[in-house]
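What follows is the content of final03.cif, which has mmCIF, C-alpha atoms:
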```cif
data_work
#
loop_
_atom_site.label_atom_id
_atom_site.label_comp_id
_atom_site.auth_asym_id
_atom_site.auth_seq_id
_atom_site.Cartn_x
_atom_site.Cartn_y
_atom_site.Cartn_z
CA MET R 7 -9.06 22.79 57.94
CA SER R 8 -10.64 19.42 58.62
CA ASP R 9 -9.79 18.13 55.14
CA ASP R 10 -6.05 18.29 55.70
CA GLN R 11 -4.02 16.46 58.31
CA SER R 12 -1.37 19.16 58.67
CA PRO R 13 -3.10 22.20 57.22
CA LEU R 14 -1.07 25.05 58.59
CA SER R 15 2.44 24.31 57.50
CA ARG R 16 1.66 22.72 54.15
CA ARG R 17 -1.00 25.21 53.11
CA ASN R 18 1.04 28.18 54.12
CA ALA R 19 4.05 26.84 52.30
CA LEU R 20 1.96 26.31 49.17
CA LYS R 21 0.40 29.73 49.52
CA CYS R 22 3.79 31.38 49.71
CA LEU R 23 4.91 29.50 46.63
CA ALA R 24 1.71 30.38 44.80
CA TYR R 25 2.20 34.07 45.51
CA GLY R 26 5.78 33.75 44.35
CA GLY R 27 4.39 32.34 41.13
CA ALA R 28 2.19 35.35 40.43
CA GLY R 29 4.98 36.93 38.38
CA THR R 30 7.55 39.59 38.97
CA LEU R 31 9.24 41.85 36.50
CA PHE R 32 12.90 42.58 37.07
CA ALA R 33 14.67 45.56 35.62
CA LEU R 34 18.44 45.56 35.79
CA SER R 35 20.05 48.90 35.11
CA GLY R 36 23.68 49.65 35.75
CA GLY R 37 23.86 46.70 38.10
CA VAL R 38 20.87 47.80 40.14
CA PHE R 39 18.14 45.19 40.21
CA THR R 40 14.61 46.50 40.58
CA PRO R 41 11.73 44.08 41.08
CA ILE R 42 8.35 45.31 39.84
CA ASP R 43 5.13 43.41 40.43
CA LEU R 44 3.98 41.98 37.11
CA ALA R 45 0.36 43.06 37.65
CA MET R 46 1.55 46.64 38.24
CA ALA R 47 3.76 46.52 35.18
CA ALA R 48 0.83 45.29 33.07
CA GLY R 49 -1.19 48.30 34.20
CA ASP R 50 1.66 50.60 33.28
CA LYS R 51 2.27 49.71 29.65
CA GLN R 52 4.46 52.72 29.04
CA GLY R 53 6.70 51.74 31.95
CA ALA R 54 6.84 48.17 30.77
CA ALA R 55 7.63 49.28 27.23
CA LYS R 56 10.71 51.06 28.54
CA LEU R 57 12.06 47.64 29.41
CA GLY R 58 12.68 47.10 25.75
CA ARG R 59 12.37 44.35 23.22
CA PRO R 60 12.77 40.78 24.49
CA LEU R 61 16.28 39.57 23.67
CA PHE R 62 15.65 35.97 24.59
CA VAL R 63 13.37 33.75 26.57
CA GLN R 64 14.58 31.16 29.06
CA ILE R 65 12.62 27.96 29.51
CA SER R 66 13.74 25.17 31.79
CA ASP R 67 13.14 21.75 33.29
CA SER R 68 10.58 20.38 30.84
CA HIS R 69 11.11 16.79 32.09
CA ILE R 70 9.48 15.19 29.04
CA GLY R 71 8.69 11.62 30.10
CA PHE R 72 7.55 12.53 33.62
CA ASN R 73 4.07 11.14 34.23
CA LYS R 74 3.47 11.25 37.96
CA GLU R 75 0.76 12.95 39.98
CA ALA R 76 2.60 16.28 40.29
CA ASN R 77 1.89 16.82 36.57
CA PRO R 78 0.52 13.98 34.43
CA ASP R 79 0.71 16.19 31.32
CA VAL R 80 4.19 17.70 30.97
CA ASN R 81 3.75 17.72 27.18
CA GLY R 82 0.70 19.92 27.64
CA THR R 83 2.42 22.40 29.95
CA LEU R 84 5.44 22.63 27.64
CA THR R 85 3.02 23.30 24.77
CA GLN R 86 1.33 26.01 26.84
CA THR R 87 4.75 27.51 27.50
CA ILE R 88 5.53 27.51 23.79
CA ASP R 89 2.16 29.18 23.14
CA ILE R 90 3.09 31.98 25.56
CA VAL R 91 6.42 32.51 23.79
CA ASN R 92 4.75 32.40 20.37
CA GLY R 93 2.13 34.86 21.60
CA MET R 94 4.63 37.53 22.68
CA SER R 95 4.03 40.68 20.68
CA ASP R 96 7.77 41.25 20.28
CA GLN R 97 9.23 37.91 19.29
CA PRO R 98 12.48 37.13 21.11
CA ALA R 99 15.40 36.34 18.83
CA LEU R 100 16.59 33.39 20.92
CA ILE R 101 15.29 30.65 23.20
CA ILE R 102 17.55 29.26 25.90
CA HIS R 103 16.65 25.97 27.58
CA THR R 104 18.54 25.50 30.82
CA GLY R 105 18.33 21.73 30.98
CA ASP R 106 16.35 18.72 32.11
CA ILE R 107 14.69 18.68 28.71
CA THR R 108 13.88 15.03 29.44
CA HIS R 109 13.16 13.11 32.61
CA LEU R 110 15.19 9.95 32.00
CA SER R 111 17.43 10.67 28.97
CA LYS R 112 15.43 8.21 26.86
CA PRO R 113 15.65 8.57 23.06
CA ALA R 114 11.84 8.71 22.79
CA GLU R 115 11.72 11.53 25.36
CA PHE R 116 14.30 13.59 23.48
CA ASP R 117 12.49 12.92 20.19
CA LEU R 118 9.17 14.07 21.63
CA ALA R 119 10.76 17.19 23.16
CA GLN R 120 12.33 18.10 19.83
CA GLN R 121 9.00 17.57 18.11
CA LEU R 122 7.29 19.90 20.61
CA PHE R 123 10.05 22.52 20.21
CA THR R 124 9.43 22.68 16.45
CA ARG R 125 6.27 24.65 17.24
CA LEU R 126 8.39 27.55 18.54
CA ARG R 127 8.25 30.51 16.19
CA THR R 128 11.71 31.51 17.36
CA THR R 129 13.94 28.96 15.75
CA GLU R 130 17.30 29.77 17.32
CA MET R 131 17.47 27.60 20.40
CA HIS R 132 20.42 27.16 22.73
CA THR R 133 20.58 24.48 25.37
CA VAL R 134 22.65 23.12 28.22
CA PRO R 135 21.96 19.67 29.69
CA GLY R 136 20.58 18.89 33.12
CA GLU R 137 21.49 15.80 35.12
CA HIS R 138 18.24 14.19 33.95
CA ASP R 139 19.49 14.54 30.35
CA THR R 140 22.72 12.68 31.02
CA THR R 141 21.67 9.53 32.88
CA ASP R 142 21.95 7.21 29.87
CA ALA R 143 24.84 4.78 30.17
CA THR R 144 26.88 6.32 27.36
CA VAL R 145 25.79 9.96 27.94
CA THR R 146 25.21 10.30 24.21
CA GLU R 147 21.48 10.89 23.75
CA TYR R 148 21.66 14.59 24.66
CA PHE R 149 24.85 15.25 22.71
CA ASN R 150 23.61 13.42 19.61
CA ARG R 151 20.81 15.99 19.39
CA PHE R 152 22.12 19.15 21.05
CA GLY R 153 25.88 18.70 21.12
CA LYS R 154 26.76 20.40 17.85
CA ALA R 155 27.01 23.95 19.26
CA SER R 156 29.62 22.87 21.80
CA ALA R 157 31.42 20.20 19.72
CA ASN R 158 29.99 17.71 22.25
CA LYS R 159 31.75 19.39 25.17
CA GLY R 160 28.60 20.90 26.67
CA TYR R 161 30.09 24.40 27.04
CA TYR R 162 30.26 27.12 24.39
CA SER R 163 29.80 30.83 23.82
CA PHE R 164 28.23 33.08 21.21
CA ASP R 165 27.38 36.73 20.69
CA HIS R 166 24.02 38.21 19.95
CA ALA R 167 22.85 41.84 19.90
CA GLY R 168 26.02 43.00 21.65
CA VAL R 169 25.58 40.51 24.47
CA HIS R 170 28.09 37.71 25.08
CA PHE R 171 26.42 34.40 26.00
CA ILE R 172 28.24 31.57 27.77
CA GLY R 173 26.57 28.16 28.14
CA LEU R 174 28.16 25.89 30.75
CA ILE R 175 27.75 22.28 31.87
CA ASN R 176 27.85 21.43 35.57
CA VAL R 177 26.05 18.09 35.70
CA LEU R 178 28.70 15.59 34.57
CA GLN R 179 31.44 15.59 37.17
CA PHE R 180 29.51 14.99 40.36
CA LYS R 181 31.47 14.33 43.45
CA PRO R 182 29.43 12.01 45.69
CA GLY R 183 27.83 13.96 48.48
CA GLY R 184 28.78 17.19 46.76
CA LEU R 185 27.44 19.80 44.43
CA GLY R 186 27.61 20.24 40.67
CA THR R 187 31.07 20.75 39.17
CA LEU R 188 32.42 22.81 36.28
CA GLY R 189 35.91 21.31 36.35
CA GLU R 190 39.39 22.61 35.57
CA GLU R 191 39.14 22.21 31.80
CA GLN R 192 35.91 24.17 31.50
CA LEU R 193 37.11 26.92 33.87
CA ALA R 194 40.27 27.31 31.80
CA TRP R 195 38.15 27.55 28.67
CA VAL R 196 36.04 30.33 30.27
CA ALA R 197 39.21 32.24 31.17
CA ALA R 198 40.37 32.04 27.55
CA ASP R 199 36.91 33.00 26.28
CA LEU R 200 36.79 36.12 28.48
CA LYS R 201 40.40 37.17 27.92
CA GLY R 202 40.65 40.60 26.33
CA ARG R 203 36.89 41.09 26.38
CA SER R 204 35.76 44.61 27.29
CA ALA R 205 34.37 44.97 30.81
CA SER R 206 31.45 46.92 29.38
CA ALA R 207 30.18 43.95 27.33
CA PRO R 208 27.03 42.54 28.93
CA ILE R 209 27.43 38.87 29.73
CA VAL R 210 24.79 36.19 30.15
CA VAL R 211 25.94 32.91 31.70
CA PHE R 212 23.58 29.96 31.70
CA ALA R 213 23.88 26.47 33.15
CA HIS R 214 21.47 23.93 34.61
CA MET R 215 22.40 23.74 38.27
CA PRO R 216 22.56 26.99 40.22
CA LEU R 217 25.98 28.65 39.97
CA TRP R 218 25.64 29.82 43.56
CA THR R 219 24.89 27.74 46.60
CA ILE R 220 21.20 27.94 47.37
CA TYR R 221 20.94 24.82 49.53
CA GLU R 222 23.91 22.52 49.86
CA PRO R 223 22.16 19.53 51.50
CA TRP R 224 20.09 19.11 48.32
CA GLY R 225 22.98 19.78 45.97
CA TRP R 226 21.53 23.12 44.89
CA GLY R 227 24.80 24.72 43.91
CA THR R 228 28.08 24.24 42.06
CA GLY R 229 31.16 23.39 44.10
CA ASP R 230 33.70 25.34 42.03
CA ALA R 231 31.44 28.23 40.95
CA ASP R 232 33.59 30.69 42.93
CA GLN R 233 36.39 30.22 40.39
CA LEU R 234 33.93 31.21 37.67
CA MET R 235 32.61 34.24 39.55
CA SER R 236 36.10 35.58 40.17
CA GLN R 237 36.55 35.69 36.39
CA LEU R 238 33.22 37.47 35.85
CA ARG R 239 33.49 40.05 38.60
CA ARG R 240 35.27 42.66 36.48
CA PHE R 241 32.37 42.94 34.02
CA GLY R 242 29.78 45.68 34.34
CA SER R 243 26.72 43.54 33.68
CA VAL R 244 26.57 39.82 34.34
CA THR R 245 23.32 37.85 34.32
CA VAL R 246 23.54 34.26 35.59
CA LEU R 247 20.57 32.07 34.67
CA ASN R 248 19.94 28.58 35.99
CA GLY R 249 17.16 26.00 36.32
CA HIS R 250 17.21 22.77 38.33
CA ILE R 251 15.24 23.88 41.40
CA HIS R 252 11.89 24.50 39.63
CA GLN R 253 11.24 27.83 41.34
CA ILE R 254 12.43 31.41 41.22
CA VAL R 255 15.25 32.36 43.54
CA GLN R 256 17.41 35.39 42.88
CA LYS R 257 20.15 37.52 44.33
CA VAL R 258 22.31 40.43 43.27
CA GLU R 259 26.00 40.63 44.07
CA GLY R 260 27.77 43.69 42.75
CA ASN R 261 27.08 43.79 39.01
CA MET R 262 26.02 40.16 38.94
CA THR R 263 22.39 39.14 38.94
CA PHE R 264 21.61 35.48 39.72
CA HIS R 265 18.25 34.05 38.79
CA THR R 266 16.74 30.57 38.69
CA ALA R 267 13.75 29.92 36.42
CA ARG R 268 10.51 28.12 37.02
CA SER R 269 10.03 24.74 35.40
CA THR R 270 7.60 24.03 32.58
CA SER R 271 6.74 20.66 34.18
CA TYR R 272 6.25 20.54 37.96
CA PRO R 273 7.17 22.59 41.02
CA GLN R 274 9.62 21.49 43.70
CA PRO R 275 9.54 22.28 47.41
CA ALA R 276 11.33 25.28 48.84
CA ALA R 277 14.83 24.50 50.13
CA GLY R 278 14.78 22.04 53.01
CA VAL R 279 11.00 21.47 53.05
CA GLY R 280 10.37 17.70 53.06
CA SER R 281 12.68 14.73 52.47
CA GLY R 282 14.21 15.92 49.21
CA PRO R 283 13.90 17.90 46.00
CA GLY R 284 11.25 15.70 44.37
CA PRO R 285 8.07 16.67 42.52
CA LEU R 286 5.76 18.83 44.64
CA LYS R 287 2.11 17.86 44.38
CA VAL R 288 -0.19 20.86 44.40
CA PRO R 289 -3.92 21.18 43.66
CA ALA R 290 -4.50 21.15 39.88
CA ASP R 291 -5.79 24.72 39.86
CA GLN R 292 -2.54 25.97 41.42
CA LEU R 293 -0.13 24.18 39.11
CA ALA R 294 -0.04 26.63 36.19
CA ALA R 295 0.83 29.54 38.47
CA MET R 296 3.92 27.64 39.61
CA LEU R 297 5.23 26.95 36.09
CA GLY R 298 6.54 29.48 33.61
CA ILE R 299 9.26 31.22 31.69
CA THR R 300 11.75 34.04 32.10
CA SER R 301 12.20 36.62 29.36
CA VAL R 302 15.20 38.89 29.19
CA SER R 303 15.13 42.23 27.38
CA VAL R 304 17.73 44.78 26.42
CA VAL R 305 16.82 48.16 27.87
CA LYS R 306 17.88 51.47 26.35
CA HIS R 307 21.18 51.56 28.16
CA PRO R 308 23.29 49.10 26.17
CA SER R 309 24.70 47.34 29.21
CA ALA R 310 21.40 46.80 30.97
CA LEU R 311 19.23 43.71 30.77
CA ALA R 312 15.77 43.27 32.26
CA LEU R 313 14.34 39.97 33.50
CA ASN R 314 10.64 39.26 33.37
CA ASP R 315 9.04 36.12 34.78
CA THR R 316 5.75 34.92 33.38
CA ALA R 317 3.71 32.10 34.89
CA LEU R 318 1.49 29.85 32.79
CA ALA R 319 -1.50 31.20 34.70
CA MET K 16 11.82 -4.21 57.23
CA ASN K 17 10.58 -7.08 59.39
CA LEU K 18 12.44 -9.59 57.29
CA ARG K 19 15.61 -7.55 57.44
CA ARG K 20 15.35 -7.19 61.20
CA THR K 21 14.93 -10.95 61.44
CA GLN K 22 18.03 -11.54 59.37
CA TRP K 23 20.08 -9.37 61.66
CA LEU K 24 19.11 -11.23 64.79
CA PRO K 25 22.40 -12.58 66.15
CA THR K 26 20.53 -15.44 67.78
CA ALA K 27 19.95 -19.10 67.15
CA VAL K 28 16.60 -18.20 65.57
CA GLY K 29 18.30 -15.86 63.12
CA MET K 30 20.91 -18.51 62.34
CA LEU K 31 18.17 -21.05 61.69
CA ILE K 32 16.32 -18.77 59.24
CA LEU K 33 19.50 -17.83 57.41
CA GLY K 34 20.54 -21.47 57.40
CA ALA K 35 17.28 -22.42 55.76
CA MET K 36 18.04 -19.90 53.00
CA GLU K 37 21.40 -21.61 52.38
CA VAL K 38 23.26 -18.46 53.20
CA TYR K 39 26.87 -18.48 54.36
CA ILE K 40 26.93 -17.42 57.98
CA PRO K 41 30.11 -15.98 59.43
CA SER K 42 30.37 -15.25 63.13
CA VAL K 43 28.45 -11.98 62.81
CA GLY K 44 25.67 -13.55 60.71
CA GLN K 45 25.15 -10.55 58.38
CA THR K 46 25.87 -11.87 54.91
CA GLN K 47 23.55 -13.13 52.21
CA THR K 48 23.67 -14.19 48.54
CA ALA K 49 20.99 -11.79 47.34
CA ALA K 50 20.14 -8.49 48.92
CA GLN K 51 18.08 -5.44 48.19
CA ILE K 52 18.73 -1.77 48.78
CA GLU K 53 15.62 0.36 48.75
CA VAL K 54 15.89 3.89 47.37
CA LYS K 55 13.26 5.93 49.17
CA ASP K 56 12.93 9.47 50.48
CA PHE K 57 16.26 10.32 48.82
CA THR K 58 18.21 7.72 50.82
CA PHE K 59 19.67 4.26 50.20
CA MET K 60 18.51 1.75 52.82
CA PRO K 61 20.24 -0.12 54.27
CA THR K 62 23.73 1.27 53.99
CA PRO K 63 26.29 -0.07 54.50
CA LEU K 64 25.01 -3.40 53.25
CA THR K 65 27.19 -6.43 53.91
CA VAL K 66 27.04 -9.40 51.53
CA LYS K 67 29.09 -12.49 50.70
CA ALA K 68 31.30 -12.50 47.61
CA GLY K 69 29.26 -13.67 44.64
CA SER K 70 26.09 -11.98 45.90
CA THR K 71 23.79 -9.97 43.70
CA VAL K 72 22.58 -6.66 45.06
CA THR K 73 19.39 -5.12 43.68
CA TRP K 74 18.56 -1.45 44.10
CA ILE K 75 14.87 -0.55 43.69
CA ASN K 76 13.56 3.01 43.41
CA LYS K 77 10.52 3.72 45.57
CA ASP K 78 10.48 7.50 45.04
CA ASP K 79 8.44 9.56 42.54
CA GLU K 80 11.77 11.02 41.46
CA PRO K 81 14.25 9.04 39.35
CA HIS K 82 17.51 7.93 40.93
CA SER K 83 20.61 6.17 39.72
CA VAL K 84 23.35 4.02 41.19
CA VAL K 85 26.86 4.89 40.08
CA SER K 86 30.01 3.31 41.50
CA ASP K 87 32.76 5.69 42.62
CA THR K 88 35.24 3.72 40.56
CA GLY K 89 33.05 3.35 37.48
CA MET K 90 32.61 -0.39 38.17
CA PHE K 91 28.81 -0.22 37.77
CA LYS K 92 26.28 2.34 36.59
CA SER K 93 22.53 1.93 36.47
CA GLY K 94 21.24 4.73 34.29
CA GLY K 95 18.13 6.59 35.43
CA MET K 96 15.69 4.37 37.32
CA ASP K 97 12.11 5.59 37.38
CA THR K 98 9.64 4.66 40.13
CA ASN K 99 9.70 0.90 40.85
CA GLU K 100 12.51 0.29 38.38
CA SER K 101 15.49 -1.64 39.66
CA PHE K 102 19.13 -2.34 38.90
CA SER K 103 21.20 -5.34 39.95
CA TYR K 104 24.93 -5.97 40.17
CA LYS K 105 26.84 -9.12 41.16
CA PHE K 106 29.77 -8.53 43.50
CA ASP K 107 32.39 -11.21 42.86
CA LYS K 108 35.29 -9.95 44.95
CA PRO K 109 35.52 -8.95 48.61
CA GLY K 110 35.95 -5.25 49.22
CA THR K 111 34.20 -2.02 50.12
CA TYR K 112 32.25 -0.46 47.28
CA HIS K 113 30.94 3.10 47.46
CA PHE K 114 28.22 4.40 45.19
CA ALA K 115 26.09 7.52 44.72
CA CYS K 116 23.05 8.71 42.82
CA SER K 117 24.30 10.79 39.88
CA ILE K 118 21.05 12.77 39.84
CA HIS K 119 21.25 13.62 43.56
CA PRO K 120 24.91 13.21 44.46
CA ARG K 121 24.37 13.81 48.16
CA MET K 122 22.75 10.33 48.14
CA VAL K 123 25.57 7.91 48.87
CA GLY K 124 25.84 4.32 50.03
CA THR K 125 28.23 1.45 50.56
CA VAL K 126 28.24 -2.28 49.87
CA VAL K 127 30.73 -4.33 51.89
CA VAL K 128 31.57 -7.66 50.25
CA GLN K 129 33.14 -10.31 52.49
#
```
Starting from the file, lay out its structure as structure tokens.
Amino acid sequence: MSDDQSPLSRRNALKCLAYGGAGTLFALSGGVFTPIDLAMAAGDKQGAAKLGRPLFVQISDSHIGFNKEANPDVNGTLTQTIDIVNGMSDQPALIIHTGDITHLSKPAEFDLAQQLFTRLRTTEMHTVPGEHDTTDATVTEYFNRFGKASANKGYYSFDHAGVHFIGLINVLQFKPGGLGTLGEEQLAWVAADLKGRSASAPIVVFAHMPLWTIYEPWGWGTGDADQLMSQLRRFGSVTVLNGHIHQIVQKVEGNMTFHTARSTSYPQPAAGVGSGPGPLKVPADQLAAMLGITSVSVVKHPSALALNDTALA
Amino acid sequence: MNLRRTQWLPTAVGMLILGAMEVYIPSVGQTQTAAQIEVKDFTFMPTPLTVKAGSTVTWINKDDEPHSVVSDTGMFKSGGMDTNESFSYKFDKPGTYHFACSIHPRMVGTVVVQ
């Protein structure tokens, strides 16, 4: 205790986060979300196998270009992440990156990220930008590299293995003092995209900033997300995946499962702890447990998806 | 902070210091030709900042996290500023100018140009 000025609060907070980083397996079946401890699942291979073949893996918040104390080697931790994905016995068909690929939207950062991504065995990658990817004056660096899928709009949809995927952008139209924004045009596009779609089609929605308000004072939410949710409510299986907050937070609301992913770069404090959502410095031996990926599998029931979080250590 | 506090002194001493810096001094004695806004702990300090028309304001980021300075009206935009990076803008016309950090939009500030 003598080596730390305020040992109780800080250590306990870190301990809680470290435990949270140990890994949890989530099975979603018919809208019921069942968390299973990852260590238990590993000991029960048959049970884990029932969760099916990985459909896709979500990685997030790589922040290539970040070089501060919280993680001086973000290239290394992204590479470790890629190694985990490449090492999966059942290769996922898709990779989804939920934004903040770079730290400062610099061309060299994007180039390096793309170079690192080429090591992924899974070649189909889908992205949405984070606010760190769109800070360049002309907001073109991200779109020059990743804008093709959305015709430079930032939002788009596609189908894979019977699942409808919708990528959204909520980091461009900030209202000062407010949260992320989807905007009228994008919401109208979602309505058109969902029109006539069967309610039994599983839907995965992904965007950078949380599509539910986790902590408003830090902008951890999207101001007009309610208008999106009202459109999604009629579907039997909706999985909403976000990044931005560098830690796992989840909730279930009806048939909708909301989940934020860990970062591949550095952790952030829990909501409201400290002056703001900046990089959280943790002892080097704790860092890997606080970084990681989320993999999503199709289970036997066609409308059920399972989420599985894996830490780097 | 000591310097800033000195500049705000509405006393003869404050007037003398400001006078030595060749700064226009209205009755309230709060304007200057060059001023700095520090970005630290996810806040802009000071805000509001009052300057004379023609003044250049420099924002400097003192956080480990990048920040930006974006005018509400699109008049100026910094791009992402990493630790110790800065951005400057010259305010030619009197008015009240609001700005925010586009990375953390709850961070807002104001420059008043007299």
Among listed residues K:Thr65, K:Ser103, K:Gln129, K:Ser86, nearest chain R (using all atoms listed in the file):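 Between K:Thr65, K:Ser103, K:Gln129, K:Ser86, the residue approaching chain R most closely is K:Ser86.
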Matched chain/residue IDs from the PyMOL selection byres ((chain R) within 6 of (chain K)), as a PyMOL selection string: chain R and resi 110+137+141-143+182-184+281-282+284
Selection: 10 Å around R:Leu200, all atoms listed in the file, excl. self and same-chain fewer than 2 positions, as an NGL selection string: :R and (163 or 170 or 172 or 195-198 or 202-205 or 209 or 237-238 or 241)
Write to file, as a JSON list (two decimals), keeping the file's coordinate frame, the residues of the selection just made, with C-alpha atoms.
```
[["chain", "number", "residue", "atom", "x", "y", "z"],
["R", 163, "SER", "CA", 29.80, 30.83, 23.82],
["R", 170, "HIS", "CA", 28.09, 37.71, 25.08],
["R", 172, "ILE", "CA", 28.24, 31.57, 27.77],
["R", 195, "TRP", "CA", 38.15, 27.55, 28.67],
["R", 196, "VAL", "CA", 36.04, 30.33, 30.27],
["R", 197, "ALA", "CA", 39.21, 32.24, 31.17],
["R", 198, "ALA", "CA", 40.37, 32.04, 27.55],
["R", 202, "GLY", "CA", 40.65, 40.60, 26.33],
["R", 203, "ARG", "CA", 36.89, 41.09, 26.38],
["R", 204, "SER", "CA", 35.76, 44.61, 27.29],
["R", 205, "ALA", "CA", 34.37, 44.97, 30.81],
["R", 209, "ILE", "CA", 27.43, 38.87, 29.73],
["R", 237, "GLN", "CA", 36.55, 35.69, 36.39],
["R", 238, "LEU", "CA", 33.22, 37.47, 35.85],
["R", 241, "PHE", "CA", 32.37, 42.94, 34.02]]
```
Pairwise distance for atom CA of R:Leu286 and atom CA of R:Ser271, rounded to one decimal in Å: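 Distance between the two atoms: 10.7 Å.
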Distance query 12 Å from (-0.2, 14.2, 37.2) using all atoms listed in the file, result as JSON, numbers by chain: {"R": [71, 72, 73, 74, 75, 76, 77, 78, 79, 80, 81, 82, 83, 271, 272, 273, 285, 286, 287, 288, 289, 290, 293], "K": [79]}
I need the chosen residues saved as an mmCIF file, in the coordinates of the input, with C-alpha atoms.
```cif
data_model
loop_
_atom_site.group_PDB
_atom_site.id
_atom_site.type_symbol
_atom_site.label_atom_id
_atom_site.label_comp_id
_atom_site.auth_asym_id
_atom_site.auth_seq_id
_atom_site.Cartn_x
_atom_site.Cartn_y
_atom_site.Cartn_z
ATOM 1 C CA GLY R 71 8.690 11.620 30.100
ATOM 2 C CA PHE R 72 7.550 12.530 33.620
ATOM 3 C CA ASN R 73 4.070 11.140 34.230
ATOM 4 C CA LYS R 74 3.470 11.250 37.960
ATOM 5 C CA GLU R 75 0.760 12.950 39.980
ATOM 6 C CA ALA R 76 2.600 16.280 40.290
ATOM 7 C CA ASN R 77 1.890 16.820 36.570
ATOM 8 C CA PRO R 78 0.520 13.980 34.430
ATOM 9 C CA ASP R 79 0.710 16.190 31.320
ATOM 10 C CA VAL R 80 4.190 17.700 30.970
ATOM 11 C CA ASN R 81 3.750 17.720 27.180
ATOM 12 C CA GLY R 82 0.700 19.920 27.640
ATOM 13 C CA THR R 83 2.420 22.400 29.950
ATOM 14 C CA SER R 271 6.740 20.660 34.180
ATOM 15 C CA TYR R 272 6.250 20.540 37.960
ATOM 16 C CA PRO R 273 7.170 22.590 41.020
ATOM 17 C CA PRO R 285 8.070 16.670 42.520
ATOM 18 C CA LEU R 286 5.760 18.830 44.640
ATOM 19 C CA LYS R 287 2.110 17.860 44.380
ATOM 20 C CA VAL R 288 -0.190 20.860 44.400
ATOM 21 C CA PRO R 289 -3.920 21.180 43.660
ATOM 22 C CA ALA R 290 -4.500 21.150 39.880
ATOM 23 C CA LEU R 293 -0.130 24.180 39.110
ATOM 24 C CA ASP K 79 8.440 9.560 42.540
#
```
Ground truth for the PyMOL selection byres ((chain R and resi 123) around 12), written as a ChimeraX atom specification: /R:65,68,70,81,84-89,91-92,101-103,107,116-122,124-133
Atomic separation - atom CA of R:Asp67 relative to atom CA of R:Leu313, Å: 18.3 Å
Axis-aligned box for stretch 134-139 of chain R, 4 Å per side, centre and edges in Å as AutoDock Vina command-line options:
```
--center_x 20.4 --center_y 18.7 --center_z 31.7 --size_x 12.4 --size_y 16.9 --size_z 14.9
```
Between atom CA of R:Ser301 and atom CA of R:Lys159 - distance in Å to one decimal: 26.4 Å
Point (5.0, 27.9, 34.4), cut-off 8 Å, counting only C-alpha atoms, residues as a PyMOL selection string: chain R and resi 83+87+268-271+293-299+316-319
Selection result of the PyMOL selection byres ((chain R and resi 218) around 7) on this file, as a list in words: Pro216, Leu217, Thr219, Ile220, Gly227, Thr228 and Ala231 of chain R
Contacts of R:Arg239 at 9 Å (all atoms listed in the file; same-chain gap of 4+ positions) as a list in words: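 Close residues of R:Arg239: Leu234, Met235, Val244, Gly260, Asn261 and Met262 of chain R.
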Can you write just those residues out, C-alpha atoms, as a short mmCIF file (atom, residue, chain, number, x, y, z; two decimals), in the frame of the given file?
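Written output follows (part.cif):
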```cif
data_model
loop_
_atom_site.label_atom_id
_atom_site.label_comp_id
_atom_site.auth_asym_id
_atom_site.auth_seq_id
_atom_site.Cartn_x
_atom_site.Cartn_y
_atom_site.Cartn_z
CA LEU R 234 33.93 31.21 37.67
CA MET R 235 32.61 34.24 39.55
CA VAL R 244 26.57 39.82 34.34
CA GLY R 260 27.77 43.69 42.75
CA ASN R 261 27.08 43.79 39.01
CA MET R 262 26.02 40.16 38.94
#
```
